[in-house]
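Student: Supplied in structure tokens, the structure appears directly below.
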There are 2 protein chains.
Amino acid sequence: MNVNGQHYRAIWLSKENPQIVEIIDQRYLPHRFVIHPLKTVEDTAFAIKEMQVRGAPLIGATAAYGMYLAGLNARRNNIEDIDQMYAEVFDTLLATRPTAINLQWALERQKAAIATVDTLEEKIAVSLATAKNVCDEDVEICKNIGLHGLPLIEAISKKKKGETVNILTHCNAGWVATVDWGTATAPIYMAHEKGIKVHVWVDETRPRNQGARLTSWELNEHGVPNTVIVDNVGGHLMQHGMVDMCIVGTDRTTYTGDVANKIGTYLKALAAHDNGVPFYVALPSTTIDWKTADGFSIPIEQRRASEVTHIQGLLQNGKVEQVQLTPTASQAANYAFDVTPARLVTGLITERGICVASEAGIKGLFPEKGQSRT
Amino acid sequence: MNVNGQHYRAIWLSKENPQIVEIIDQRYLPHRFVIHPLKTVEDTAFAIKEMQVRGAPLIGATAAYGMYLAGLNARRNNIEDIDQMYAEVFDTLLATRPTAINLQWALERQKAAIATVDTLEEKIAVSLATAKNVCDEDVEICKNIGLHGLPLIEAISKKKKGETVNILTHCNAGWVATVDWGTATAPIYMAHEKGIKVHVWVDETRPRNQGARLTSWELNEHGVPNTVIVDNVGGHLMQHGMVDMCIVGTDRTTYTGDVANKIGTYLKALAAHDNGVPFYVALPSTTIDWKTADGFSIPIEQRRASEVTHIQGLLQNGKVEQVQLTPTASQAANYAFDVTPARLVTGLITERGICVASEAGIKGLFPEKGQSRT
């Protein structure tokens, strides 16, 4: 989507040097727009782990490019045991984040692609093609999520006789969480471009404030009206009829419809359920875990306490600095995701259409996946 | 309770000059411990409005002292129409915060007390005595809330065979929200002093972070183990059996049991209900609104957007500064309270005992209030 009037993707191959992958360093948004080069597997692992890139689809795309960079590195360093190198890189990248399933999916896809050819040069070529395909397909998938989600917004708009449709979202499942369009935001961008009046309630999404920093920023840049709220507010808004629907993303959804997403999603789903507000989850099918039935068996990442005790922001003098929020003596715990049970989800918006969050619903859209489970 | 080993109340008459009231300026906690003098009604109104003091009981106590300071001011300035002056001060102080009912209760009490005597000197004397009584009674009330809540914690401790009892709280209903002991924290402090192992999950409570800044600070200072979490985490903890009970405070509770409290309380009550975790509200009966049946008719304060877009914290250089969290172009909305319907509340812990959050339950403990409703 657009940044300052210019179209960007969230990851791309450098035009000047095709041995370099470029990303928007999302740690500095919204106060600085920094384009950052990835030259090595270490750069890539750091980028995922330290959340220069984040969002399940973009993590997958970045890991896919990491496998390409690994090949370049092997060529530069004359590494002999290529198979072992790729296996190690696979493990390194897989270990960067535990919850997002796309990471594994993208790495498995690269592994399979690389195995189809013999020489290092061929492997480099095939891994570059695969990484590009992962990105292009992600754009197509997100577009289709947008097309399938759009009628939901149109229907509410009609029912409200053209009055503004208020949509609540949590965290950032926007275009900077994917390659372009976003998942939860794709229907919103499409509605906006079609001239439907939409307004987004943006949960700031503590502790890392992806909503306040990224979702609000990207909606601003693309011209979509939005209001930042603290994570505590959504329930109140829903009680007072100020939310017409919720759309969130997901880091992993079980084939039974349980949704692992950014911590706090479950609380909003409870409030939506309690107030009869539709609660949709937008996802590429790459985010579906075809092997896991119970959402509560998904590993939940625990991150550094300092993400809770400290926060980064813009000082009046224009510097971006961290401030400490808690007493120095205080402990903090930092669970990054929670699981919203399928019973609280109105529907899943996928690239193939909308389905009920249940095994039958998902199977209906993805019948070919029925056999793959163990 | 204790600060750095020394006992404090949250408000007191200056020992050096009885024409000055002293408070802990809570805007600077936890990074600085600042004692601030109130000399005028304007000081008092500012203190309440700008949240140098906050918490329903402490707001009431501060307003009561404000009426005393008003009399001193009238004496200094030879104001003639004393009745009009008191009426204006009543209105000024009542307008400082709209949601907490104690504010009105304390002002009405002062108004009635002042009306019982004729001369300004008598009015000053009676208003000072009333303000002191409001404070002393608040301490007694909170102690009794503690004594009635303690058996709930003891029972869980026994059931867990002495293992740590994990209690989640939201915002600050601690001793710095009252004169001493706190409401939600009173049972916790009593359990801790009795040697029962307790641990508190402290919701940071955006946007003003009263949990992270005040609750965690006061628990630390008094030696009660606690862990700060972002407001998004509580649901996840409850899903995983990591919360044995919730105790929160309230700014106003209807005589039917609907609970207005800091924004986000409703979301935690929903999560507690969904996971079978007991959800208690601790309150002095002064917080009960005997005239309002429907919680949703309680006015909900909207505060400055800058409380959401900016946050104060400690820089590495030791300075306390504000940083901007959101993009400069972003709008923010700031609803300060929400209403938790009585159906989600396990019980109300009052100074007279515990009751069901219902008209019958409340009437059972406060039968004399049955007639006062319009």
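By order in the structure tokens, chains are A, B, ...; within a chain, residues start at 1; ligands start at 1, following the order shown.
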Please identify every residue of chain A that has at least one atom no more than 6 Å from any atom of chain B, counting only C-alpha atoms, and report them as a PyMOL selection string.

Tutor: chain A and resi 30+212-213+217+227-229+232+236+263-264+267+313-315+323-327+331-333+338

Student: Restrict the selected residues to C-alpha atoms and save them as a JSON list (two decimals), in the first residue's frame.

Tutor:
```json
[["chain", "number", "residue", "atom", "x", "y", "z"],
["A", 30, "PRO", "CA", 5.94, 5.34, 13.13],
["A", 212, "ALA", "CA", -0.64, 2.31, 17.77],
["A", 213, "ARG", "CA", 2.67, 2.21, 15.92],
["A", 217, "TRP", "CA", 0.35, 4.53, 10.78],
["A", 227, "THR", "CA", -8.78, 6.15, 16.16],
["A", 228, "VAL", "CA", -6.25, 4.65, 18.53],
["A", 229, "ILE", "CA", -7.63, 3.24, 21.78],
["A", 232, "ASN", "CA", -8.99, -1.82, 27.72],
["A", 236, "HIS", "CA", -16.94, -0.53, 26.52],
["A", 263, "ILE", "CA", -2.21, -11.48, 23.35],
["A", 264, "GLY", "CA", -5.53, -9.84, 24.20],
["A", 267, "LEU", "CA", -10.60, -10.68, 25.57],
["A", 313, "GLY", "CA", 8.62, 6.75, 21.97],
["A", 314, "LEU", "CA", 9.42, 10.14, 20.57],
["A", 315, "LEU", "CA", 10.79, 12.79, 22.92],
["A", 323, "VAL", "CA", 11.45, 5.16, 29.07],
["A", 324, "GLN", "CA", 10.94, 2.92, 32.08],
["A", 325, "LEU", "CA", 7.28, 2.57, 33.09],
["A", 326, "THR", "CA", 7.41, 0.37, 36.19],
["A", 327, "PRO", "CA", 9.18, 0.65, 39.53],
["A", 331, "GLN", "CA", 8.91, -8.07, 38.00],
["A", 332, "ALA", "CA", 7.02, -8.39, 34.71],
["A", 333, "ALA", "CA", 5.73, -11.32, 32.64],
["A", 338, "ASP", "CA", -3.36, -16.13, 23.45]]
```

Student: Compile the contact shell of stretch 153-155 of chain B as a list in words: residues with an atom at most 8 Å away, counting only C-alpha atoms, same-chain residues fewer than 5 positions apart removed.

Tutor: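 Within the cut-off, the hits are Val165, Pro187, Ile188, Ala191 and Ile196 of chain B.
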
Student: Mind writing the picked residues with C-alpha atoms as a CSV table (one decimal), in the first residue's frame?

Tutor:
```
chain,number,residue,atom,x,y,z
B,165,VAL,CA,-2.6,-17.9,45.9
B,187,PRO,CA,-7.6,-8.5,51.9
B,188,ILE,CA,-4.3,-9.1,50.1
B,191,ALA,CA,-3.4,-12.3,54.0
B,196,ILE,CA,-0.4,-16.7,53.6
```

Student: Interatomic distance between atom CA of B:Leu147 and atom CA of B:Trp290?

Tutor: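 We find that atom CA of B:Leu147 and atom CA of B:Trp290 lie 24.4 Å from each other.
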
Student: Could you tell me which of B:Ile59, B:Tyr280, B:Lys369, B:Ala357 comes closest to B:Gln104 if we count only C-alpha atoms?

Tutor: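 Closest to B:Gln104, using only C-alpha atoms: B:Ile59.
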
Student: Using the chain letters and numbers from this document, which residues of stretch 10-121 of chain A does DSSP assign to strand (DSSP E), as a list in words?

Tutor: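 Strand (DSSP E) members of stretch 10-121 of chain A, listed: Ile11, Trp12, Leu13, Val21, Glu22, Ile23, Ile24, Ile35, His36, Pro37 and Leu38 of chain A.
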
Student: Could you save the residues just selected, with all heavy atoms, as a CSV table (one decimal), in the first residue's frame?

Tutor:
```
chain,number,residue,atom,x,y,z
A,11,ILE,N,8.6,-6.3,1.9
A,11,ILE,CA,9.9,-6.9,1.7
A,11,ILE,C,10.1,-7.0,0.2
A,11,ILE,O,9.1,-7.2,-0.6
A,11,ILE,CB,9.9,-8.3,2.4
A,11,ILE,CG1,11.3,-8.9,2.3
A,11,ILE,CG2,8.9,-9.3,1.8
A,11,ILE,CD1,11.5,-10.2,3.2
A,12,TRP,N,11.3,-6.8,-0.3
A,12,TRP,CA,11.6,-6.9,-1.7
A,12,TRP,C,13.1,-7.1,-1.9
A,12,TRP,O,13.9,-6.9,-1.0
A,12,TRP,CB,11.2,-5.6,-2.4
A,12,TRP,CG,11.9,-4.3,-1.9
A,12,TRP,CD1,13.0,-3.8,-2.4
A,12,TRP,CD2,11.5,-3.5,-0.8
A,12,TRP,NE1,13.4,-2.7,-1.7
A,12,TRP,CE2,12.5,-2.5,-0.7
A,12,TRP,CE3,10.4,-3.5,0.1
A,12,TRP,CZ2,12.4,-1.5,0.3
A,12,TRP,CZ3,10.4,-2.5,1.1
A,12,TRP,CH2,11.4,-1.5,1.2
A,13,LEU,N,13.4,-7.6,-3.1
A,13,LEU,CA,14.8,-7.7,-3.5
A,13,LEU,C,15.4,-6.4,-3.9
A,13,LEU,O,14.7,-5.7,-4.7
A,13,LEU,CB,14.9,-8.7,-4.6
A,13,LEU,CG,16.3,-9.4,-4.9
A,13,LEU,CD1,16.6,-10.3,-3.7
A,13,LEU,CD2,16.2,-10.2,-6.2
A,21,VAL,N,18.4,-8.3,0.3
A,21,VAL,CA,16.9,-8.2,0.5
A,21,VAL,C,16.6,-7.0,1.3
A,21,VAL,O,17.4,-6.7,2.3
A,21,VAL,CB,16.4,-9.5,1.2
A,21,VAL,CG1,14.9,-9.4,1.5
A,21,VAL,CG2,16.7,-10.7,0.4
A,22,GLU,N,15.6,-6.2,1.0
A,22,GLU,CA,15.3,-5.0,1.8
A,22,GLU,C,14.0,-5.1,2.5
A,22,GLU,O,13.0,-5.7,2.0
A,22,GLU,CB,15.4,-3.8,0.9
A,22,GLU,CG,16.8,-3.5,0.4
A,22,GLU,CD,17.0,-2.3,-0.5
A,22,GLU,OE1,16.0,-1.9,-1.2
A,22,GLU,OE2,18.0,-1.6,-0.4
A,23,ILE,N,14.0,-4.6,3.7
A,23,ILE,CA,12.7,-4.6,4.5
A,23,ILE,C,12.5,-3.2,5.1
A,23,ILE,O,13.5,-2.4,5.2
A,23,ILE,CB,12.8,-5.6,5.7
A,23,ILE,CG1,14.0,-5.4,6.6
A,23,ILE,CG2,12.8,-7.1,5.2
A,23,ILE,CD1,14.1,-6.1,7.9
A,24,ILE,N,11.3,-2.9,5.6
A,24,ILE,CA,11.1,-1.7,6.4
A,24,ILE,C,11.4,-2.1,7.8
A,24,ILE,O,10.8,-3.1,8.3
A,24,ILE,CB,9.6,-1.3,6.2
A,24,ILE,CG1,9.3,-0.9,4.7
A,24,ILE,CG2,9.3,-0.1,7.1
A,24,ILE,CD1,7.8,-0.8,4.4
A,35,ILE,N,14.6,1.9,5.8
A,35,ILE,CA,14.7,0.7,5.0
A,35,ILE,C,16.0,0.0,5.4
A,35,ILE,O,17.1,0.6,5.5
A,35,ILE,CB,14.7,1.1,3.5
A,35,ILE,CG1,13.2,1.5,3.2
A,35,ILE,CG2,15.1,-0.1,2.6
A,35,ILE,CD1,13.1,2.1,1.8
A,36,HIS,N,15.9,-1.3,5.6
A,36,HIS,CA,17.0,-2.0,6.2
A,36,HIS,C,17.4,-3.2,5.3
A,36,HIS,O,16.6,-4.0,4.9
A,36,HIS,CB,16.6,-2.6,7.6
A,36,HIS,CG,17.7,-3.3,8.3
A,36,HIS,ND1,18.7,-2.6,9.0
A,36,HIS,CD2,18.0,-4.6,8.4
A,36,HIS,CE1,19.5,-3.5,9.5
A,36,HIS,NE2,19.1,-4.7,9.2
A,37,PRO,N,18.7,-3.4,5.0
A,37,PRO,CA,19.2,-4.5,4.2
A,37,PRO,C,19.4,-5.8,5.0
A,37,PRO,O,19.9,-5.7,6.1
A,37,PRO,CB,20.5,-4.0,3.6
A,37,PRO,CG,21.0,-3.1,4.7
A,37,PRO,CD,19.9,-2.5,5.5
A,38,LEU,N,19.0,-6.9,4.4
A,38,LEU,CA,19.4,-8.2,4.9
A,38,LEU,C,20.3,-8.8,4.0
A,38,LEU,O,20.1,-9.0,2.8
A,38,LEU,CB,18.1,-9.1,5.0
A,38,LEU,CG,16.9,-8.6,5.8
A,38,LEU,CD1,15.8,-9.6,5.8
A,38,LEU,CD2,17.3,-8.3,7.3
```

Student: Excluding B:Thr185 and any residue of its chain fewer than 5 positions from it, enumerate the residues within 9 Å of it, using only C-alpha atoms, and give them as a list in words.

Tutor: Gly146, Thr169, Asn172, Ala173, Gly174, Trp175, Met190, Thr215, Leu219, Ile247, Val248, Gly249 and Ala282 of chain B
